[in-house]
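Participant: Structure file target01.tsv (TSV, C-alpha atoms) is given on the next line.
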chain	number	residue	atom	x	y	z
A	1	MET	CA	-222.49	30.21	-193.30
A	2	ASP	CA	-225.56	30.37	-191.06
A	3	ILE	CA	-229.06	31.72	-191.45
A	4	VAL	CA	-228.07	35.18	-190.17
A	5	SER	CA	-225.28	35.72	-192.72
A	6	ILE	CA	-227.48	34.38	-195.53
A	7	GLY	CA	-230.23	36.73	-194.39
A	8	ILE	CA	-227.82	39.69	-194.46
A	9	ILE	CA	-226.77	38.86	-198.03
A	10	ILE	CA	-230.39	38.52	-199.18
A	11	MET	CA	-231.43	41.72	-197.43
A	12	THR	CA	-228.46	43.63	-198.86
A	13	ILE	CA	-229.22	42.42	-202.40
A	14	LEU	CA	-232.92	43.30	-202.15
A	15	PHE	CA	-232.24	46.66	-200.48
A	16	SER	CA	-229.64	47.55	-203.12
A	17	ILE	CA	-231.88	46.54	-206.03
A	18	LYS	CA	-234.65	48.69	-204.58
A	19	GLY	CA	-232.15	51.57	-204.39
A	20	PHE	CA	-231.10	51.03	-208.03
A	21	LYS	CA	-234.69	51.56	-209.17
A	22	ASP	CA	-236.03	54.08	-206.64
A	23	VAL	CA	-234.12	57.34	-206.27
A	24	ASN	CA	-236.27	58.53	-203.37
A	25	PHE	CA	-235.61	55.29	-201.49
A	26	PHE	CA	-231.88	55.57	-202.21
A	27	ASP	CA	-231.74	59.19	-201.02
A	28	ARG	CA	-233.71	58.40	-197.87
A	29	TYR	CA	-231.38	55.67	-196.60
A	30	LYS	CA	-227.91	56.66	-197.85
A	31	PHE	CA	-225.37	58.02	-195.37
A	32	ASN	CA	-225.60	61.83	-195.34
A	33	THR	CA	-224.18	64.05	-192.64
A	34	ALA	CA	-226.88	66.73	-192.79
A	35	ALA	CA	-229.74	64.22	-192.70
A	36	ILE	CA	-228.18	62.47	-189.71
A	37	LEU	CA	-227.02	65.44	-187.65
A	38	LYS	CA	-229.70	67.98	-188.57
A	39	GLY	CA	-232.54	65.68	-189.62
A	40	ASN	CA	-231.93	63.23	-186.75
A	41	GLN	CA	-232.21	60.27	-189.15
A	42	TRP	CA	-229.82	57.99	-187.30
A	43	ASP	CA	-231.19	54.89	-189.02
A	44	ARG	CA	-229.00	55.86	-191.98
A	45	MET	CA	-225.94	54.84	-189.93
A	46	LEU	CA	-226.92	51.20	-190.43
A	47	ALA	CA	-229.28	51.27	-193.41
A	48	SER	CA	-226.68	52.85	-195.72
A	49	ALA	CA	-224.60	49.66	-195.46
A	50	PHE	CA	-227.34	47.79	-197.32
A	51	LEU	CA	-227.27	50.19	-200.29
A	52	HIS	CA	-224.78	49.99	-203.18
A	53	GLY	CA	-224.02	52.13	-206.18
A	54	ASP	CA	-224.16	49.43	-208.83
A	55	VAL	CA	-224.08	45.68	-209.38
A	56	ILE	CA	-220.26	45.50	-209.37
A	57	HIS	CA	-220.04	47.36	-206.06
A	58	LEU	CA	-222.66	45.02	-204.60
A	59	PHE	CA	-221.01	41.88	-205.98
A	60	PHE	CA	-217.51	42.55	-204.64
A	61	ASN	CA	-218.78	43.49	-201.19
A	62	MET	CA	-220.99	40.40	-200.98
A	63	TYR	CA	-218.21	38.17	-202.37
A	64	SER	CA	-215.85	39.39	-199.63
A	65	PHE	CA	-218.63	39.17	-197.06
A	66	PHE	CA	-219.34	35.55	-198.02
A	67	PHE	CA	-215.70	34.48	-197.72
A	68	PHE	CA	-214.85	36.16	-194.42
A	69	SER	CA	-218.20	35.66	-192.71
A	70	THR	CA	-217.91	31.94	-193.45
A	71	LYS	CA	-214.43	31.81	-191.89
A	72	LEU	CA	-215.45	33.71	-188.76
A	73	ILE	CA	-218.64	31.71	-188.28
A	74	ASN	CA	-216.92	28.36	-188.79
A	75	ASP	CA	-213.96	29.14	-186.55
A	76	TYR	CA	-215.34	31.53	-183.92
A	77	GLY	CA	-219.12	31.38	-183.99
A	78	GLY	CA	-222.10	33.20	-185.46
A	79	ILE	CA	-222.55	35.61	-182.56
A	80	PHE	CA	-218.96	36.84	-182.83
A	81	PHE	CA	-219.35	37.31	-186.59
A	82	PHE	CA	-222.58	39.30	-186.17
A	83	VAL	CA	-221.18	41.58	-183.45
A	84	VAL	CA	-218.05	42.28	-185.52
A	85	TYR	CA	-220.04	43.06	-188.66
A	86	ILE	CA	-222.60	45.42	-187.11
A	87	SER	CA	-220.11	47.19	-184.83
A	88	SER	CA	-217.71	47.69	-187.76
A	89	ILE	CA	-220.45	49.26	-189.88
A	90	LEU	CA	-221.29	51.66	-187.08
A	91	ALA	CA	-217.64	52.41	-186.26
A	92	GLY	CA	-216.91	53.21	-189.90
A	93	ASN	CA	-219.93	55.48	-190.22
A	94	PHE	CA	-219.27	57.26	-186.93
A	95	LEU	CA	-215.72	57.97	-188.09
A	96	ALA	CA	-217.07	59.28	-191.41
A	97	LEU	CA	-219.64	61.37	-189.55
A	98	PHE	CA	-216.94	62.92	-187.38
A	99	ILE	CA	-214.55	63.64	-190.23
A	100	HIS	CA	-217.25	65.12	-192.48
A	101	ARG	CA	-219.36	66.73	-189.76
A	102	ASN	CA	-218.92	70.18	-191.33
A	103	ASN	CA	-219.71	68.97	-194.85
A	104	SER	CA	-223.49	68.73	-195.10
A	105	TYR	CA	-223.28	67.38	-198.64
A	106	TYR	CA	-221.15	64.34	-197.81
A	107	SER	CA	-222.87	61.06	-198.67
A	108	ALA	CA	-221.76	57.44	-198.77
A	109	ILE	CA	-223.17	53.95	-199.25
A	110	GLY	CA	-222.02	50.35	-199.07
A	111	ALA	CA	-221.15	47.52	-196.71
A	112	SER	CA	-217.41	48.12	-196.98
A	113	GLY	CA	-216.99	49.25	-193.37
A	114	GLY	CA	-218.56	46.04	-192.09
A	115	VAL	CA	-216.66	43.88	-194.56
A	116	SER	CA	-213.41	45.60	-193.53
A	117	GLY	CA	-214.15	44.65	-189.93
A	118	LEU	CA	-214.63	41.01	-190.91
A	119	ILE	CA	-211.37	41.00	-192.86
A	120	PHE	CA	-209.26	42.47	-190.08
A	121	ALA	CA	-210.83	40.41	-187.31
A	122	ALA	CA	-209.98	37.31	-189.33
A	123	VAL	CA	-206.41	38.49	-189.91
A	124	ILE	CA	-205.83	39.17	-186.20
A	125	LEU	CA	-207.23	35.81	-185.17
A	126	ASP	CA	-205.23	33.93	-187.80
A	127	SER	CA	-202.09	35.91	-188.56
A	128	THR	CA	-200.76	33.25	-190.92
A	129	MET	CA	-203.84	33.24	-193.16
A	130	SER	CA	-203.44	34.10	-196.83
A	131	LEU	CA	-205.83	35.95	-199.11
A	132	GLN	CA	-206.21	35.16	-202.78
A	133	MET	CA	-207.72	38.02	-204.71
A	134	MET	CA	-210.25	37.25	-207.40
A	135	PHE	CA	-208.68	36.89	-210.87
A	136	ILE	CA	-205.15	37.12	-209.35
A	137	PRO	CA	-203.49	33.66	-209.10
A	138	ILE	CA	-201.27	34.45	-206.09
A	139	SER	CA	-201.88	34.43	-202.35
A	140	ILE	CA	-201.06	37.45	-200.16
A	141	PRO	CA	-200.33	37.05	-196.43
A	142	GLY	CA	-203.23	38.55	-194.52
A	143	TRP	CA	-201.12	40.96	-192.49
A	144	ILE	CA	-199.47	42.38	-195.64
A	145	PHE	CA	-202.89	42.79	-197.23
A	146	GLY	CA	-204.03	44.61	-194.08
A	147	ILE	CA	-201.18	47.12	-194.24
A	148	ILE	CA	-201.67	47.75	-197.96
A	149	TYR	CA	-205.43	48.13	-197.49
A	150	LEU	CA	-205.07	50.63	-194.66
A	151	ALA	CA	-202.35	52.62	-196.43
A	152	TYR	CA	-204.45	52.85	-199.59
A	153	SER	CA	-207.50	53.90	-197.58
A	154	ILE	CA	-205.56	56.67	-195.83
A	155	TYR	CA	-204.28	57.90	-199.20
A	156	GLY	CA	-207.79	57.77	-200.62
A	157	MET	CA	-209.22	59.64	-197.65
A	158	LYS	CA	-206.65	62.42	-197.94
A	159	THR	CA	-207.03	62.82	-201.69
A	160	GLN	CA	-210.78	62.03	-201.90
A	161	LEU	CA	-209.94	59.36	-204.46
A	162	GLY	CA	-213.01	58.17	-206.34
A	163	ASN	CA	-216.43	57.77	-204.72
A	164	ILE	CA	-215.18	55.36	-202.06
A	165	GLY	CA	-215.83	55.87	-198.34
A	166	HIS	CA	-212.22	55.30	-197.30
A	167	ASP	CA	-212.82	56.67	-193.81
A	168	ALA	CA	-215.62	54.14	-193.26
A	169	HIS	CA	-213.22	51.40	-194.42
A	170	LEU	CA	-210.71	52.57	-191.84
A	171	GLY	CA	-213.21	52.80	-189.01
A	172	GLY	CA	-214.47	49.32	-189.81
A	173	ALA	CA	-210.95	47.93	-190.01
A	174	PHE	CA	-210.08	49.43	-186.62
A	175	MET	CA	-213.16	47.89	-185.02
A	176	GLY	CA	-212.36	44.51	-186.59
A	177	LEU	CA	-208.84	44.67	-185.18
A	178	LEU	CA	-210.17	45.63	-181.75
A	179	MET	CA	-212.80	42.88	-181.68
A	180	GLY	CA	-210.27	40.31	-182.84
A	181	LEU	CA	-207.82	41.38	-180.14
A	182	VAL	CA	-210.50	41.20	-177.45
A	183	TYR	CA	-211.32	37.66	-178.61
A	184	VAL	CA	-207.66	36.69	-178.43
A	185	ILE	CA	-207.37	38.01	-174.87
A	186	MET	CA	-210.55	36.24	-173.76
A	187	TYR	CA	-209.89	32.86	-175.37
A	188	LYS	CA	-206.12	32.63	-175.85
A	189	ASP	CA	-205.87	29.65	-173.48
A	190	SER	CA	-208.78	27.77	-175.04
A	191	ASN	CA	-208.87	25.31	-177.91
A	192	TYR	CA	-210.33	27.79	-180.39
A	193	ASN	CA	-208.56	28.23	-183.74
A	194	ILE	CA	-206.49	31.23	-182.67
A	195	ASN	CA	-203.16	31.80	-184.37
A	196	PHE	CA	-202.27	35.28	-183.17
A	197	GLU	CA	-198.83	36.88	-183.54
A	198	LEU	CA	-198.19	40.23	-181.87
A	199	LYS	CA	-195.65	41.44	-184.44
A	200	TYR	CA	-198.26	41.43	-187.21
A	201	LEU	CA	-200.70	43.39	-185.07
A	202	LEU	CA	-198.04	46.01	-184.35
A	203	LEU	CA	-197.23	46.33	-188.05
A	204	MET	CA	-200.89	46.89	-188.92
A	205	LEU	CA	-201.23	49.45	-186.14
A	206	VAL	CA	-198.73	51.77	-187.84
A	207	PRO	CA	-201.17	53.10	-190.48
A	208	LEU	CA	-203.95	53.23	-187.88
A	209	ILE	CA	-201.79	55.45	-185.65
A	210	TYR	CA	-201.23	57.70	-188.64
A	211	LEU	CA	-205.00	57.82	-189.10
A	212	VAL	CA	-205.41	59.05	-185.53
A	213	TYR	CA	-202.90	61.80	-186.31
A	214	LEU	CA	-204.89	62.82	-189.39
A	215	VAL	CA	-208.16	62.95	-187.43
A	216	ILE	CA	-206.58	65.09	-184.67
A	217	LYS	CA	-205.07	67.36	-187.33
A	218	GLU	CA	-208.46	67.66	-189.04
A	219	LYS	CA	-210.09	68.59	-185.74
A	220	LYS	CA	-207.64	71.45	-185.23
What does the file become when written as structure tokens?

Facilitator:
Amino acid sequence: MDIVSIGIIIMTILFSIKGFKDVNFFDRYKFNTAAILKGNQWDRMLASAFLHGDVIHLFFNMYSFFFFSTKLINDYGGIFFFVVYISSILAGNFLALFIHRNNSYYSAIGASGGVSGLIFAAVILDSTMSLQMMFIPISIPGWIFGIIYLAYSIYGMKTQLGNIGHDAHLGGAFMGLLMGLVYVIMYKDSNYNINFELKYLLLMLVPLIYLVYLVIKEKK
């Protein structure tokens, strides 16, 4: 990790704790379509990623952030990590804003969009990587995890399962895939730790293509 990623973790923890204790602070910075589109409070697009609903939500996001930010920083550099994280947060929230643009009551919080971007950028850049879930003593190939994650997020978005911003997860995942692919194209002939396989990218694009269909259908 570097000073930027450590700073993000510290800021997210402090911001979230403040939100736990201060309802007015929480309501001011959470993602809310009406406040953004009608109130012109565009800072919520980024600030909402630093808020979390409870300690468990905060812990799992920061645990995933720690693991994947460390991998991206060590293998591909701190600047790449930072660009992926911030752009994935914004991509996820812009997708959520578009999908819920007619629902003024829609709200969301959490760093999941940014974390999703880190996960999928890492998977694209190292298609043979494996993920070991906490408390589960088996490793899952990254590309299989990516497909399962996207499929579950699409299901959650369609059924409004729980209080999870599945559309932000999907937007972040798409941006992570895109940024990873751009990196592959730019540095494929270099000595960087790139282990890209096209077949795994194509497999993970299947649920993303279905997402595009859902968004177009929603627009109609």

Participant: Would you please work out which residue, of A:Tyr106, A:Ala111, A:Gly92, A:Ile147, is nearest to Thr12 (chain A) when using all atoms listed in the file?

Facilitator: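 Of the candidates, the smallest distance to Thr12 (chain A) is held by A:Ala111.
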
Participant: Between A:Ile17, A:Ala173, A:Leu214, A:Val115, which one has atoms that come closest to Tyr155 (chain A), using only C-alpha atoms?

Facilitator: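 Result for the nearest residue to Tyr155 (chain A): A:Leu214.
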
Participant: Build an axis-aligned box that encloses every atom of region 93-106 of chain A listed in the file, pad it by 6 Å on each side, and report its centre and edge lengths in Å to one decimal, as JSON.

Facilitator:
{"center_x": -219.0, "center_y": 62.8, "center_z": -192.8, "size_x": 20.9, "size_y": 26.7, "size_z": 23.7}

Participant: Which residue out of A:Phe145, A:Lys30, A:Asp2, A:Ser130 has the minimum interatomic distance to Ile79 (chain A) when all atoms listed in the file are used?

Facilitator: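 Selected residue with least distance to Ile79 (chain A): A:Asp2.
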
Participant: Neighbours of Trp143 (chain A) within 10 Å (only C-alpha atoms; same-chain residues fewer than 2 positions away dropped), as a ChimeraX atom specification?

Facilitator: /A:120,123-124,126-131,140-141,145-149,199-201,203-204

Participant: I'd like to know which of A:Leu72, A:Val4, A:Ile216, A:Leu97 is closest to Asn193 (chain A), using all atoms listed in the file.

Facilitator: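 So, comparing all the options, the nearest one is A:Leu72.
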
Participant: Distance CA of Ile109 (chain A)-CA of Ile3 (chain A), one decimal place?

Facilitator: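 Answer for the CA of Ile109 (chain A) to CA of Ile3 (chain A) separation: 24.3 Å.
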
Participant: Calculated over all atoms listed in the file, which of the candidates A:Ile56, A:Ile73, A:Ala108, A:Leu202 has the smallest distance to Gly165 (chain A)?

Facilitator: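 Distance minimum relative to Gly165 (chain A) lands on A:Ala108.
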
Participant: I'd like the interatomic distance between CA of Phe31 (chain A) and CA of Ser16 (chain A), to a tenth of an Å.

Facilitator: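 Separation between CA of Phe31 (chain A) and CA of Ser16 (chain A): 13.7 Å.
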
Participant: So how many Å separate CA of Asn93 (chain A) and CA of Lys71 (chain A), to one decimal?

Facilitator: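 Interatomic distance, CA of Asn93 (chain A) to CA of Lys71 (chain A): 24.4 Å.
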
Participant: Using all atoms listed in the file, list the residues that have an atom at most 9 Å from (-225.7, 38.7, -204.2), coordinates as in the file, as a list in words.

Facilitator: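 Within 9 Å of (-225.7, 38.7, -204.2), the protein and nucleic acid residues are Ile9, Ile10, Thr12, Ile13, Leu14, Val55, Leu58, Phe59, Asn61, Met62 and Tyr63 of chain A.
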
Participant: Measuring between all atoms listed in the file, which one of A:Gly171, A:Gly39, A:Gly156, A:Pro137 shows the shortest distance to Leu90 (chain A)?

Facilitator: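 Among the listed residues, A:Gly171 lies closest to Leu90 (chain A).
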
Participant: Find the spatial neighbours of Ala35 (chain A), counting all atoms listed in the file, within a cut-off of 9 Å - ignore same-chain residues fewer than 5 positions away - and output them as a PyMOL selection string.

Facilitator: chain A and resi 28+40-42+44+104
